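So the structure is just underneath, and the comments pick up after that.
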Amino acid sequence: MKKLLIFIFVLTLGFQSSVKADEGMWVPMFLKQLNIKDMQKKGFKLSAEDIYSINQASLKDAIIIFGGGCTGEIVSPEGLIFTNHHCGYSSIQKVSTIEHDYLTDGFWSKNKSEEIPIDGLTVKFMKSMSDVTAQMFVGISDTMSEGDRTKTLAENEKLLIKEATEGNDYNVIIRNFFAGNEYYMVVYEVFTDIRLVGAPPEAVGKFGADTDNWMWPRHTGDFSIFRVYTSPEGTPAKYAEENVPMKSKWHLPISIKDTKPGDFVFIMGNPGGTQRYSTSYAIDLAINESNPTIVKIRAVKLNVMREFMDADPSVRLQYASKFAGVANYWKYYQGQTKALKANKVADIKRQIEADFQTWADTDESRKAKYGSVLADFKDAYQAMKEFNMSNWYFREAFYRGSELLPYGARFSQLGTLLAADSVDQEKVDVTIARLRSGVANHFKNYYMPLDQKMFAETMRLYYWGVPADQLPAALTKHAQKYEGDFSAWAKDAFAKSNFTSAEKVNALLDNPTADLINNDPAIKIWNGIYANYRTLRPKMAPVIAKLAKAGRLYVAGLREKDPNKKYYPDANFTMRLTYGEIGGYRASDAVDYKFYTTTDGVLEKEDAINPEFVVPAKLKELILKKDFGPYTNKKGEMPICFLSNNDITGGNSGSPIMNARGQLIGLAFDGNWEAMSGDISFDKKLQKTINVDIRYVLFIIDKLGGAHNIIDELTIVK
């Protein structure tokens, strides 16, 4: 028997390694004509109408945009939301204090009265999606300039949105698909009364932290729980005590059955952005300049934050969410660069380009339309190199650097109003009231000594990283004035600015003058550096226009070249579906990964002196006692995470991964290190989605959190 089991295990590993990823982020409204037969052939048990319908409730009604950049799903009849812990992280941090540190300790409401309102958090439900390409192209011609094209498209978009929102409160957007060859209108219903229901301790929800980020094997319980509230009539409403839990149109049942390699799975969510149709020229620029620059600047910013966070628990709490946001893509761009090189993505693109050029050149009409597309790409990226470093240092070191500068810039309008020959006191009063309302929120998560050092370090990077002839005069002037001592410049600027503390800001707003505001160091530095950027933008405009036209023609040409191929558009933070199967992978020679992890790995990784790998005492006790309740697999193990070959990217975080019957089996939360080039080129052998197993989610809620009320609210299929 033992030999037989070993033989089966070896076969299973071999099968896992041979599983190829299923490429495609498919638009749900086109599943019936493009994908449903293939999905059903692979094991899917539902219909296209079950997934997307505007005439009846369907799966799409359980999928939400959570906050500004994640996905969530409705899992109960009363508007209960599951999403990732890292998606709920900033909301959890927002309501945490030193006395009630929900990030560190977790939070579990034992009844609805204990649920915590999250100011500013929204969720969006997609009502419908429609093709508006014809309406958007009214007045568009192939001979018009890119500037005129952009202007006409903007005018058409404005008119369409105005018509779509008359007489309702819907949020309507229009997105371009296939590089601007098609346009679709998406209608959302937005809810603003969202409350925190539950969150695991950070040691569970972020176990492994930056060390394990984007890596497999993973042992992270990356989930958090919220709820949507509505008015008593069931409509979106601002927070009010009389509001009630939403009556869900559709909620996902939860399966705790065992899974195995080869099982059909699909994910619905809102992938943020991919560049699958990008060229080798774009990849070369990313590898050689853009990515290393982003990583370099973000590393410095992380070091500054880490220094002050490690020294003071209150600062750690203030900057926890900011740190996580910077760190996530600091590591991502390292992984992307490595994978682009290792997977020879530029060479793959060059072959596609060579085939495209051959196809275009073999027909005179095609040559006239598409023959110069690749040459235009080459010229545009060559021209872009002149400004590329300036662009990234502006964005990462200045625009996303010290918080003093953009915060001070918020007061520029008030300074302009007060400096006018005829002061409009009503506008002044309204502006003051708006600015004053945001003071407490800004300074709640602000520590001046940290930001002062951030200013010094990012300005130093900016000064030395940008070509001398493109440096802002404001930066050069101060570097010379302080003889390269950026710390001295920072100390002086922060001492003189009125925007470094709530007390200073409120005092300014009590008696504002144009002189105090317009001559504040923060505003003068912001305006000076921003003015320099504006002088560069006209020089970059022709490059951007050339890339836009080349990109549009390239994608159109690729689709024309292979008319029988099923193409999907790049991700643009609209709802998509990706389907595939569960399975492990071969990462490299002699490195074969099993498709799931268990709580054994938590104890193996435990390190009491490393905050990234601390195991809560109660969790350790439950693991050692094997007190897992009904959530184990057939082997008696407590699964934590599992792999599938679905096609996801940022924005998919929190997306539900479902079985063939549309039952929730986990939450997607990450990709794997070996395939970090996936946003640019999908790797069928390596690309994987890392999901937290729903059984581990339920175990943490039930056994660690003791929140049986949450378990009772779910529809669990045993």
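Starting from 1 in every chain, residues are counted up; chains themselves are A, B, ... following the order of the structure tokens, and ligands are numbered from 1 as listed.
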List the spatial neighbours of Ala380 of chain A as a list in words - criterion: any atom at most 9 Å away, only C-alpha atoms, same-chain residues fewer than 2 positions off excluded.
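That gives Ala375, Asp376, Phe377, Lys378, Gln382, Ala383, Met384, Lys385, Pro542, Val543, Ile544, Lys546 and Leu547 of chain A.
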Within 10 Å of Ser255 of chain A, counting only C-alpha atoms, which residues qualify if same-chain residues fewer than 4 places away don't, as a list in words?
Thr259, Met658, Asn659, Arg661, Gly662, Gln663, Leu664, Ile665, Gly666, Ile694, Arg695, Thr715, Ile716, Val717 and Lys718 of chain A
Could those selected residues go to a file with N, CA and C atoms, as a PDB file, in the first residue's frame?
ATOM      1  N   THR A 259     -10.493  20.000  -2.504  1.00  0.00           N
ATOM      2  CA  THR A 259     -10.141  20.301  -3.884  1.00  0.00           C
ATOM      3  C   THR A 259      -8.946  19.457  -4.284  1.00  0.00           C
ATOM      4  N   MET A 658     -13.902  30.483  -7.428  1.00  0.00           N
ATOM      5  CA  MET A 658     -15.075  29.633  -7.273  1.00  0.00           C
ATOM      6  C   MET A 658     -14.906  28.317  -8.007  1.00  0.00           C
ATOM      7  N   ASN A 659     -15.648  27.316  -7.545  1.00  0.00           N
ATOM      8  CA  ASN A 659     -15.616  26.018  -8.208  1.00  0.00           C
ATOM      9  C   ASN A 659     -16.594  26.006  -9.380  1.00  0.00           C
ATOM     10  N   ARG A 661     -19.489  25.112  -9.735  1.00  0.00           N
ATOM     11  CA  ARG A 661     -20.890  25.439  -9.440  1.00  0.00           C
ATOM     12  C   ARG A 661     -21.057  26.866  -8.914  1.00  0.00           C
ATOM     13  N   GLY A 662     -20.006  27.643  -8.984  1.00  0.00           N
ATOM     14  CA  GLY A 662     -20.106  29.026  -8.536  1.00  0.00           C
ATOM     15  C   GLY A 662     -20.069  29.179  -7.032  1.00  0.00           C
ATOM     16  N   GLN A 663     -19.499  28.195  -6.349  1.00  0.00           N
ATOM     17  CA  GLN A 663     -19.380  28.248  -4.888  1.00  0.00           C
ATOM     18  C   GLN A 663     -17.990  28.742  -4.510  1.00  0.00           C
ATOM     19  N   LEU A 664     -17.924  29.581  -3.503  1.00  0.00           N
ATOM     20  CA  LEU A 664     -16.666  30.191  -3.083  1.00  0.00           C
ATOM     21  C   LEU A 664     -15.757  29.174  -2.424  1.00  0.00           C
ATOM     22  N   ILE A 665     -14.507  29.069  -2.916  1.00  0.00           N
ATOM     23  CA  ILE A 665     -13.542  28.157  -2.294  1.00  0.00           C
ATOM     24  C   ILE A 665     -12.293  28.889  -1.813  1.00  0.00           C
ATOM     25  N   GLY A 666     -12.199  30.189  -2.103  1.00  0.00           N
ATOM     26  CA  GLY A 666     -11.037  30.936  -1.637  1.00  0.00           C
ATOM     27  C   GLY A 666     -11.060  32.369  -2.138  1.00  0.00           C
ATOM     28  N   ILE A 694     -10.709  29.053   1.586  1.00  0.00           N
ATOM     29  CA  ILE A 694     -11.853  29.527   2.368  1.00  0.00           C
ATOM     30  C   ILE A 694     -11.981  28.760   3.671  1.00  0.00           C
ATOM     31  N   ARG A 695     -11.455  27.542   3.724  1.00  0.00           N
ATOM     32  CA  ARG A 695     -11.532  26.760   4.970  1.00  0.00           C
ATOM     33  C   ARG A 695     -10.650  27.378   6.052  1.00  0.00           C
ATOM     34  N   THR A 715     -23.742  30.781   3.927  1.00  0.00           N
ATOM     35  CA  THR A 715     -24.343  29.585   3.339  1.00  0.00           C
ATOM     36  C   THR A 715     -23.212  28.625   3.018  1.00  0.00           C
ATOM     37  N   ILE A 716     -23.009  27.631   3.889  1.00  0.00           N
ATOM     38  CA  ILE A 716     -21.870  26.727   3.774  1.00  0.00           C
ATOM     39  C   ILE A 716     -22.315  25.378   3.225  1.00  0.00           C
ATOM     40  N   VAL A 717     -21.683  24.973   2.130  1.00  0.00           N
ATOM     41  CA  VAL A 717     -21.963  23.684   1.510  1.00  0.00           C
ATOM     42  C   VAL A 717     -20.943  22.683   2.027  1.00  0.00           C
ATOM     43  N   LYS A 718     -21.396  21.685   2.737  1.00  0.00           N
ATOM     44  CA  LYS A 718     -20.485  20.716   3.344  1.00  0.00           C
ATOM     45  C   LYS A 718     -20.346  19.446   2.518  1.00  0.00           C
TER      46      LYS A 718
END
Residue set, segment 576-701 of chain A restricted to strand (DSSP E), as a PyMOL selection string
chain A and resi 576-581+585-588+591-593+596-598+639-644+656-658+664-671+689-693
With C-alpha atoms kept, could you save the residues just selected as a PDB file, in the first residue's frame?
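Writing done, so here's part.pdb:
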ATOM      1  CA  ARG A 576     -13.423  40.347 -15.941  1.00  0.00           C
ATOM      2  CA  LEU A 577     -13.576  36.573 -15.626  1.00  0.00           C
ATOM      3  CA  THR A 578     -10.659  34.175 -15.817  1.00  0.00           C
ATOM      4  CA  TYR A 579     -10.992  30.400 -15.745  1.00  0.00           C
ATOM      5  CA  GLY A 580      -8.565  27.543 -15.299  1.00  0.00           C
ATOM      6  CA  GLU A 581      -7.774  24.818 -12.808  1.00  0.00           C
ATOM      7  CA  TYR A 585       4.086  24.032 -10.811  1.00  0.00           C
ATOM      8  CA  ARG A 586       7.761  23.481 -11.522  1.00  0.00           C
ATOM      9  CA  ALA A 587       9.514  26.716 -10.588  1.00  0.00           C
ATOM     10  CA  SER A 588      12.944  25.679 -11.833  1.00  0.00           C
ATOM     11  CA  VAL A 591      11.972  22.659  -7.686  1.00  0.00           C
ATOM     12  CA  ASP A 592       8.429  21.254  -7.832  1.00  0.00           C
ATOM     13  CA  TYR A 593       5.736  22.985  -5.795  1.00  0.00           C
ATOM     14  CA  TYR A 596      -1.455  23.789  -1.325  1.00  0.00           C
ATOM     15  CA  THR A 597       0.058  24.688   2.040  1.00  0.00           C
ATOM     16  CA  THR A 598      -1.042  23.825   5.573  1.00  0.00           C
ATOM     17  CA  PRO A 639      -5.154  24.019   4.388  1.00  0.00           C
ATOM     18  CA  ILE A 640      -4.100  27.656   4.222  1.00  0.00           C
ATOM     19  CA  CYS A 641      -3.386  28.619   0.616  1.00  0.00           C
ATOM     20  CA  PHE A 642      -3.622  26.959  -2.778  1.00  0.00           C
ATOM     21  CA  LEU A 643      -2.549  27.576  -6.360  1.00  0.00           C
ATOM     22  CA  SER A 644      -4.543  27.903  -9.548  1.00  0.00           C
ATOM     23  CA  PRO A 656     -13.527  35.185  -5.251  1.00  0.00           C
ATOM     24  CA  ILE A 657     -12.161  31.974  -6.680  1.00  0.00           C
ATOM     25  CA  MET A 658     -15.075  29.633  -7.273  1.00  0.00           C
ATOM     26  CA  LEU A 664     -16.666  30.191  -3.083  1.00  0.00           C
ATOM     27  CA  ILE A 665     -13.542  28.157  -2.294  1.00  0.00           C
ATOM     28  CA  GLY A 666     -11.037  30.936  -1.637  1.00  0.00           C
ATOM     29  CA  LEU A 667      -9.886  34.516  -2.136  1.00  0.00           C
ATOM     30  CA  ALA A 668      -7.275  35.418  -4.743  1.00  0.00           C
ATOM     31  CA  PHE A 669      -4.523  37.614  -3.332  1.00  0.00           C
ATOM     32  CA  ASP A 670      -1.217  37.295  -5.152  1.00  0.00           C
ATOM     33  CA  GLY A 671       0.841  36.107  -8.075  1.00  0.00           C
ATOM     34  CA  THR A 689      -2.609  32.718  -8.722  1.00  0.00           C
ATOM     35  CA  ILE A 690      -2.122  32.364  -4.959  1.00  0.00           C
ATOM     36  CA  ASN A 691      -5.411  31.998  -3.084  1.00  0.00           C
ATOM     37  CA  VAL A 692      -6.228  31.804   0.606  1.00  0.00           C
ATOM     38  CA  ASP A 693      -8.343  28.683   1.166  1.00  0.00           C
TER      39      ASP A 693
END
Given the choices A:Val265, A:Val138, A:Ala419, A:Leu196, which gets closest to Asn111 of chain A if the distance is worked out from only C-alpha atoms?
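Between A:Val265, A:Val138, A:Ala419, A:Leu196, the residue approaching Asn111 of chain A most closely is A:Leu196.
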I need the helix (DSSP H, G or I) residues of segment 497-596 of chain A per DSSP on the backbone, written as a count of residues only.
55
Which of A:Phe191, A:Tyr89, A:Tyr567, A:Tyr530 sits closest to Phe394 of chain A [using only C-alpha atoms]
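Counting only C-alpha atoms, the residue closest to Phe394 of chain A is A:Tyr530.
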